[in-house]
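Everything on this sheet refers to the single structure shown next.
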Amino acid sequence: MRGSTSGSGLERCWPLANRRAGRAGAVAADWPEAGRGGAEDAGSGPGAGRRVGRMRLRLRSGALAAGCLLAEALGVALFLRGFFPLPVRSLPRGEARAQPPAEPAPPGPGIASNWTKIPPPLFRKVVIVLIDALRDDFVFGSKGKQFMPYTTQVIEKGTSYSFIAEAKPPTVTMPRIKALMTGSIPGFIDVVVNLNSPALMSDNLIWQAKAAGKRIIFYGDDTWVKLFPKHFVEYDGTTSFFVSDFTEVDDNVTRHLDRVLKREDWDLLILHYLGLDHIGHMTGPNSPLVGPKLREMDNVLKKIHISLLSKEGEASLPSLLVVCGDHGMSETGSHGGSSEDEVHTPLLFISSAFEKRSGPLTQLELVQQTDLASTLAVGLGLPISRNNVGNIILPVVGSKTMREQLRFLHMNGFQLSTLLQENTPAYEKDLGYEQFKIAEKSHGNWIKLYLEGNNSEILLNLGKKVLKQYLEALRTLSSSLSKQVAQYDMYSMMVGTVIVMEVLLLLFLSVPKALSSRAEFEVPLSPPLFSLLFYLMCLMLCAVHVIVCTSAESLCYFCSMSWLTAVGVMMLISALMCGILSAVGKILENSRLPLKNPGASSSSWSEVDVLILAGTIGHVLSLGASSFIEEEHQTWYFLINTLCLALCQELCRNHFLLKECDLQLGTTMKQNFDSIGEASECKNIDVQAASNSKLGKAASSAEFVKGSDKWISLASPWIILICCRLLRSLNQTGVQWAHRPDFGHWLTRGITEARFVYVFVLGIVFTGTKDLLKSQVISADSSVKSTGLWEVYSGLVLLSALLFRPHNLPVLVFCLLIQTMMTKYIWRPLKFDAAQITIMHYWFGQAFFYFQGNSNGIATVDVSAGFVGLESYVEIPAIFLTAFATYAGPLLWAIHLLCYLSSEVSRNSAAVGHGCFCYALMRSIPVAIYIVLVTGLRYHLFIWSVFSPKLLYEGMHVFITAAICLFFTAMDQNHSQKVQG
């Protein structure tokens, strides 16, 4: 009876025990008691004799992952260079001084127009005041009425015209200056080179003004000096990226005003004020500092306007004051995205040449930011830039005669149609081109009547009709050119995509070997078959490269690279393909071999495994929708919350459902394993591994149940859920709910204190690096290495605390709390394997990226973090600090993963390699799929506002992950000796 009772107890617990056995098989690669004797570790087999004498290289899974990510980074870089294309371009600017078009020839013989030259200027002097990050409601809203009284008075009762200018993303300074001065839409990739602006070589208003002999003076953002070197007769540039400076950066501009306004030796004065943008970056648009800064700008405008008016009696032509912003400001104080607050800026034209307004504005007209270049060109008597896609703002020239207005619009239309011809093969079928030709013909009829001396009502009505036709043609032409603003470099994109997809496929095929107990690969160095295949593929790819580069109509970036570099890329593609074919061959060969350890194949998937797979697939599929990209943080919040619930279920099973079963199972197995031992020798079953893993887990579970930490363990998932919910409310991100109030608004350092922190961080990191070098070079003591890693991790945590905004410090606190709780109360008791722990780290790292307040929009990048502790702008430290602060969440979780796996002495030494490989795989899956998706969606309506910023984030994340995996590999360099020992 006792035996039957024992047997029935075992039968009742067997389903759970079988599930635990599956988990034991899953962790066999990480725990030293398990995983020995697998088929991959055996030196025998049908192919063993053939392998003797071949040259082979042992490659660890971590090294493979790092190498794959470096190759993937190259592929992503090529894809980004091809995807972010160059804008439409006309002839070089040296040829832009050609004669402007004459008026349309009137029909009929014996009549000719004598208007063939550029019309004379409309204004004697032009002052452009560009206030960085000036939002439209700062001037036209309640803030304008309160803090800019003089400007408001001029707008409502003065001689001025007011508009809302719409900027195109990316809404950062350098591309916006290009748009204002060239009238073209810069490429989206300009957001990347915004930190280091090269000289602008295309035709632009500044170059045209200088070529016409006009004297230009500039004060303000030194981006202008970089874009237009040697164009200004006098200038004083200020550093634009030191966002902690609210006052001096503007005082350096204003201090020149009194002296310059008294002089007459200039024609164009440009002032670029940066203080408002810096206030936005540091404290947001609702900061109490915004009002005083707007009042300061109002006083500047008042001084300039009164000075210009005082000198107009001495000159024949009036002067013009232009007030504008390069971009707006989001509710968080940043910019770069496509929200209405970021793209809508005020545009004011103030001059005595305009009619005086009689009352407040009712409805503001929306114009394009690119319209300013053509309007100013006409106002200064200059040719319109050849790359301009904007339209003349008609009210600015509305005081001129009908013939002059038609002349201006004809010049604009002729320039746009010429640009269309140079960039569109079938330009004659374009609707805008057809409309322009019809308007040009009507214009010729009007000129005939005008030259005949007809001053009747018919001439006036026909002139209005022609004016309307021109405006409609200009709008259509501008729209057509804006849609063709860029041409994708498909060849570079395809080469990059091939590399990325090859890397992903190679990682997938390497999963069995990479996650085995040895975590090593034997790479043959001289296989005759694949050597031949390698050379054939190289020759074929080089032939394709020659054909594409010699027949391509437009210049491809990959074709412009040196032949040595191009051949190197072809060799990389061929090597990856050979590696894929080799991996497929080994899988097919192993599938025909008898299974050495049938017990290892009986593993089953737990709920956590199913959740990990489903979550990864679901997240990747969601990247094809713009709404899911805008609100991607919601996906990660949902995944980590669901993961916590799954972990709660695992803990409950561990503490309650398995308590009795583990004890019965342990007793029964201990009595029966001795009798199974002899039989198992014939079947190659690893009895020690199986018994140790099952008994060890049962014993550890029973021991853990008896401990005092039981209830803390059970409560851990719920505490983590509460922490995550609080973190969600700390920073509202995304698009749909970004305007909602959050805890960060309620919680809202000096240079010397920051530098002290830098010293401490460097000291801690130096100490950790010393211990790491000692463990790698001098001794093989794992405890020394673990200590060094934790010291490096502590230094990075301290650096994060310094760079985070004060209201974001709870993010760091909760990050450390969650890591501690999961380590002590979830991962160790449940004995998850390295692959599962790595994916959990990756998920939480992604979630904390959004907990910081980041999003897939460029506007949420906190550039102020790059200037903590700096007195002036230093490019390399600023870029590093900004990147670190942005990706602090994923970085801290990745380094914690390395520290945790290295400090777990009970784990197999292959665990670090497993973690590195899984981390690389988790990063490669979304970036590879997203590259394919974004290629197919490259003509989507939201390609530049939603998909392109996400692509930049994905590319940057790949580069950071590659650096992380290299660090993992360096810390795992003594893996082979440990495994063999």
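All residue names refer to the structure tokens as shown: chains lettered A, B, ... in order, residues numbered from 1 in each chain, ligands numbered from 1 in order.
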Checklist entry - What lies within 7 Å of Leu130 in chain A using only C-alpha atoms, ignoring chain neighbours under 3 positions off, as a PyMOL selection string? => result chain A and resi 271-273+323-326
Checklist outcome for this item: In terms of only C-alpha atoms, the residue from A:Lys774, A:Arg407, A:His914, A:His278 at minimal distance from Asp862 in chain A is A:His278
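One finds CA of Val322 in chain A at 12.5 Å from CA of Val154 in chain A.
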Next on the checklist: Considering only C-alpha atoms, can you say which of A:Arg828, A:His841, A:His619, A:Lys356 comes closest to His896 in chain A?
Outcome noted: A:His841
Checklist entry - Between A:Pro119, A:Gly398, A:Gly336, A:Gly568, which one has atoms that come closest to Pro101 in chain A, using only C-alpha atoms? => result A:Pro119
Residues within 12 Å of Ile943 in chain A, only C-alpha atoms, excluding chain neighbours under 2 positions, as a compact mmCIF listing (two decimals) with C-alpha atoms, in the first residue's frame:
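Output (selection-v2.txt):
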```
# COMPACT_ATOMS: atom_id res chain seq x y z
CA PHE A 83 17.54 56.07 -47.68
CA PHE A 84 18.13 59.64 -46.56
CA PRO A 169 10.61 68.25 -40.55
CA PRO A 170 13.27 67.83 -39.35
CA PHE A 188 16.14 64.67 -43.68
CA SER A 338 6.40 67.34 -36.91
CA LYS A 483 6.92 65.62 -53.45
CA GLY A 624 4.55 48.53 -39.99
CA ALA A 625 1.95 50.99 -38.65
CA SER A 626 2.67 54.68 -38.08
CA ILE A 629 5.55 53.70 -33.99
CA LEU A 933 9.14 47.71 -44.04
CA VAL A 934 10.44 51.24 -44.42
CA THR A 935 11.70 50.44 -47.93
CA GLY A 936 8.21 49.41 -48.93
CA LEU A 937 6.70 52.45 -47.19
CA ARG A 938 9.16 55.00 -48.56
CA TYR A 939 6.36 56.87 -50.36
CA HIS A 940 4.03 56.79 -47.34
CA LEU A 941 2.45 60.06 -46.26
CA SER A 945 7.49 62.63 -39.89
CA VAL A 946 7.16 59.13 -38.36
CA PHE A 947 9.11 56.36 -40.09
CA SER A 948 12.37 58.23 -40.76
CA PRO A 949 13.03 59.39 -37.18
CA LYS A 950 12.36 55.83 -36.00
CA LEU A 951 14.91 54.60 -38.57
```
Next on the checklist: I need the residues in range 395-619 of chain A that are strand (DSSP E) according to DSSP; give them as a PyMOL selection string.
Outcome noted: chain A and resi 520-524
Keeping only all heavy atoms, write the selected residues to a file as a PDB file, in the first residue's frame.
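Saved the output as again00.pdb:
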```pdb
ATOM      1  N   GLU A 520      30.314  27.365 -28.592  1.00  0.00           N
ATOM      2  CA  GLU A 520      31.446  27.553 -29.495  1.00  0.00           C
ATOM      3  C   GLU A 520      31.112  27.009 -30.870  1.00  0.00           C
ATOM      4  O   GLU A 520      30.256  26.145 -31.028  1.00  0.00           O
ATOM      5  CB  GLU A 520      32.698  26.835 -28.967  1.00  0.00           C
ATOM      6  CG  GLU A 520      33.393  27.560 -27.836  1.00  0.00           C
ATOM      7  CD  GLU A 520      34.698  26.884 -27.468  1.00  0.00           C
ATOM      8  OE1 GLU A 520      34.927  25.738 -27.895  1.00  0.00           O
ATOM      9  OE2 GLU A 520      35.489  27.512 -26.750  1.00  0.00           O
ATOM     10  N   PHE A 521      31.830  27.555 -31.858  1.00  0.00           N
ATOM     11  CA  PHE A 521      31.691  27.102 -33.235  1.00  0.00           C
ATOM     12  C   PHE A 521      33.060  26.675 -33.742  1.00  0.00           C
ATOM     13  O   PHE A 521      34.076  27.298 -33.408  1.00  0.00           O
ATOM     14  CB  PHE A 521      31.166  28.228 -34.135  1.00  0.00           C
ATOM     15  CG  PHE A 521      29.814  28.734 -33.758  1.00  0.00           C
ATOM     16  CD1 PHE A 521      29.676  29.722 -32.787  1.00  0.00           C
ATOM     17  CD2 PHE A 521      28.675  28.234 -34.348  1.00  0.00           C
ATOM     18  CE1 PHE A 521      28.443  30.198 -32.428  1.00  0.00           C
ATOM     19  CE2 PHE A 521      27.422  28.700 -34.003  1.00  0.00           C
ATOM     20  CZ  PHE A 521      27.309  29.682 -33.041  1.00  0.00           C
ATOM     21  N   GLU A 522      33.079  25.614 -34.524  1.00  0.00           N
ATOM     22  CA  GLU A 522      34.298  25.231 -35.220  1.00  0.00           C
ATOM     23  C   GLU A 522      34.183  25.714 -36.651  1.00  0.00           C
ATOM     24  O   GLU A 522      33.438  25.162 -37.455  1.00  0.00           O
ATOM     25  CB  GLU A 522      34.487  23.708 -35.179  1.00  0.00           C
ATOM     26  CG  GLU A 522      34.907  23.190 -33.815  1.00  0.00           C
ATOM     27  CD  GLU A 522      35.279  21.718 -33.850  1.00  0.00           C
ATOM     28  OE1 GLU A 522      35.083  21.092 -34.909  1.00  0.00           O
ATOM     29  OE2 GLU A 522      35.765  21.215 -32.839  1.00  0.00           O
ATOM     30  N   VAL A 523      34.893  26.768 -36.951  1.00  0.00           N
ATOM     31  CA  VAL A 523      34.821  27.384 -38.267  1.00  0.00           C
ATOM     32  C   VAL A 523      35.938  26.837 -39.135  1.00  0.00           C
ATOM     33  O   VAL A 523      37.117  27.053 -38.844  1.00  0.00           O
ATOM     34  CB  VAL A 523      34.938  28.921 -38.164  1.00  0.00           C
ATOM     35  CG1 VAL A 523      34.826  29.558 -39.539  1.00  0.00           C
ATOM     36  CG2 VAL A 523      33.874  29.467 -37.229  1.00  0.00           C
ATOM     37  N   PRO A 524      35.610  26.100 -40.211  1.00  0.00           N
ATOM     38  CA  PRO A 524      36.660  25.588 -41.099  1.00  0.00           C
ATOM     39  C   PRO A 524      37.298  26.727 -41.877  1.00  0.00           C
ATOM     40  O   PRO A 524      36.613  27.618 -42.387  1.00  0.00           O
ATOM     41  CB  PRO A 524      35.894  24.624 -42.028  1.00  0.00           C
ATOM     42  CG  PRO A 524      34.474  25.084 -41.976  1.00  0.00           C
ATOM     43  CD  PRO A 524      34.263  25.667 -40.623  1.00  0.00           C
TER      44      PRO A 524
END
```
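With distances restricted to only C-alpha atoms, A:Cys538 is the closest residue to Ala575 in chain A from A:Val761, A:Cys538, A:Val172, A:Leu200.
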Next on the checklist: Which residues are close to Phe844 in chain A, i.e. within 8 Å by only C-alpha atoms, leaving aside same-chain residues fewer than 6 positions away? Reply as a PyMOL selection string.
Outcome noted: chain A and resi 640+890+893
Next on the checklist: Would you pick out the contacts of Ile931 in chain A at 12 Å or less, using only C-alpha atoms, so that residues sharing its chain but fewer than 3 positions from it are not included, and give the list as an MDAnalysis selection string?
Outcome noted: chainID A and resid 72 75:80 82:83 493:501 620 623:624 924:928 934:938 947:948 950:952 954:955
Kindly save the residues from that selection, with N, CA and C atoms included, as a compact mmCIF listing (two decimals), in the first residue's frame.
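Output (result21.txt):
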```txt
# COMPACT_ATOMS: atom_id res chain seq x y z
N GLU A 72 26.42 44.15 -39.36
CA GLU A 72 25.09 44.74 -39.45
C GLU A 72 25.16 46.26 -39.36
N GLY A 75 25.95 47.49 -42.70
CA GLY A 75 24.78 47.43 -43.57
C GLY A 75 23.78 48.52 -43.26
N VAL A 76 23.56 48.79 -41.97
CA VAL A 76 22.63 49.85 -41.59
C VAL A 76 23.14 51.21 -42.04
N ALA A 77 24.45 51.43 -41.90
CA ALA A 77 25.03 52.71 -42.33
C ALA A 77 24.84 52.91 -43.83
N LEU A 78 25.06 51.85 -44.62
CA LEU A 78 24.85 51.95 -46.06
C LEU A 78 23.39 52.23 -46.39
N PHE A 79 22.50 51.55 -45.67
CA PHE A 79 21.08 51.75 -45.92
C PHE A 79 20.67 53.18 -45.58
N LEU A 80 21.14 53.69 -44.44
CA LEU A 80 20.79 55.04 -44.04
C LEU A 80 21.30 56.06 -45.06
N GLY A 82 21.71 55.59 -48.20
CA GLY A 82 20.89 55.53 -49.40
C GLY A 82 19.46 55.99 -49.17
N PHE A 83 18.94 55.74 -47.95
CA PHE A 83 17.54 56.07 -47.68
C PHE A 83 17.34 57.56 -47.48
N MET A 493 20.73 51.25 -50.72
CA MET A 493 19.74 50.67 -49.82
C MET A 493 19.69 49.15 -49.95
N MET A 494 19.74 48.65 -51.17
CA MET A 494 19.66 47.20 -51.37
C MET A 494 20.90 46.50 -50.84
N VAL A 495 22.08 47.09 -51.04
CA VAL A 495 23.30 46.48 -50.51
C VAL A 495 23.24 46.42 -48.99
N GLY A 496 22.82 47.51 -48.35
CA GLY A 496 22.70 47.50 -46.90
C GLY A 496 21.67 46.50 -46.41
N THR A 497 20.55 46.40 -47.12
CA THR A 497 19.50 45.44 -46.73
C THR A 497 19.99 44.01 -46.83
N VAL A 498 20.73 43.70 -47.89
CA VAL A 498 21.26 42.34 -48.06
C VAL A 498 22.18 41.97 -46.90
N ILE A 499 23.05 42.88 -46.51
CA ILE A 499 23.96 42.60 -45.40
C ILE A 499 23.18 42.37 -44.10
N VAL A 500 22.21 43.23 -43.82
CA VAL A 500 21.44 43.11 -42.58
C VAL A 500 20.65 41.81 -42.56
N MET A 501 20.02 41.45 -43.66
CA MET A 501 19.22 40.22 -43.70
C MET A 501 20.11 38.99 -43.61
N VAL A 620 7.55 43.33 -33.56
CA VAL A 620 8.10 43.50 -34.91
C VAL A 620 6.99 43.81 -35.90
N LEU A 623 5.64 47.44 -36.12
CA LEU A 623 6.46 48.50 -36.71
C LEU A 623 5.99 48.91 -38.09
N GLY A 624 5.06 48.17 -38.67
CA GLY A 624 4.55 48.53 -39.99
C GLY A 624 3.45 49.58 -39.95
N SER A 924 18.81 42.50 -33.75
CA SER A 924 18.86 42.32 -35.20
C SER A 924 17.48 42.08 -35.79
N ILE A 925 16.60 41.42 -35.05
CA ILE A 925 15.28 41.09 -35.60
C ILE A 925 14.50 42.35 -35.95
N PRO A 926 14.28 43.30 -35.02
CA PRO A 926 13.47 44.47 -35.39
C PRO A 926 14.12 45.36 -36.43
N VAL A 927 15.45 45.53 -36.37
CA VAL A 927 16.08 46.45 -37.33
C VAL A 927 16.03 45.87 -38.74
N ALA A 928 16.20 44.55 -38.89
CA ALA A 928 16.15 43.95 -40.22
C ALA A 928 14.74 44.04 -40.80
N VAL A 934 10.31 49.84 -44.07
CA VAL A 934 10.44 51.24 -44.42
C VAL A 934 10.81 51.41 -45.89
N THR A 935 11.45 50.40 -46.49
CA THR A 935 11.70 50.44 -47.93
C THR A 935 10.40 50.38 -48.70
N GLY A 936 9.50 49.50 -48.27
CA GLY A 936 8.21 49.41 -48.93
C GLY A 936 7.31 50.61 -48.68
N LEU A 937 7.53 51.30 -47.55
CA LEU A 937 6.70 52.45 -47.19
C LEU A 937 7.38 53.78 -47.48
N ARG A 938 8.38 53.78 -48.36
CA ARG A 938 9.16 55.00 -48.56
C ARG A 938 8.36 56.12 -49.22
N PHE A 947 8.26 57.52 -39.83
CA PHE A 947 9.11 56.36 -40.09
C PHE A 947 10.60 56.71 -40.12
N SER A 948 10.95 57.88 -40.66
CA SER A 948 12.37 58.23 -40.76
C SER A 948 13.03 58.49 -39.41
N LYS A 950 12.23 57.16 -36.60
CA LYS A 950 12.36 55.83 -36.00
C LYS A 950 13.55 55.09 -36.61
N LEU A 951 13.77 55.25 -37.91
CA LEU A 951 14.91 54.60 -38.57
C LEU A 951 16.23 55.10 -38.00
N LEU A 952 16.32 56.39 -37.72
CA LEU A 952 17.54 56.92 -37.11
C LEU A 952 17.77 56.33 -35.72
N GLU A 954 16.69 53.41 -34.67
CA GLU A 954 17.08 52.01 -34.84
C GLU A 954 18.54 51.89 -35.23
N GLY A 955 18.99 52.75 -36.15
CA GLY A 955 20.39 52.70 -36.57
C GLY A 955 21.33 53.02 -35.42
```
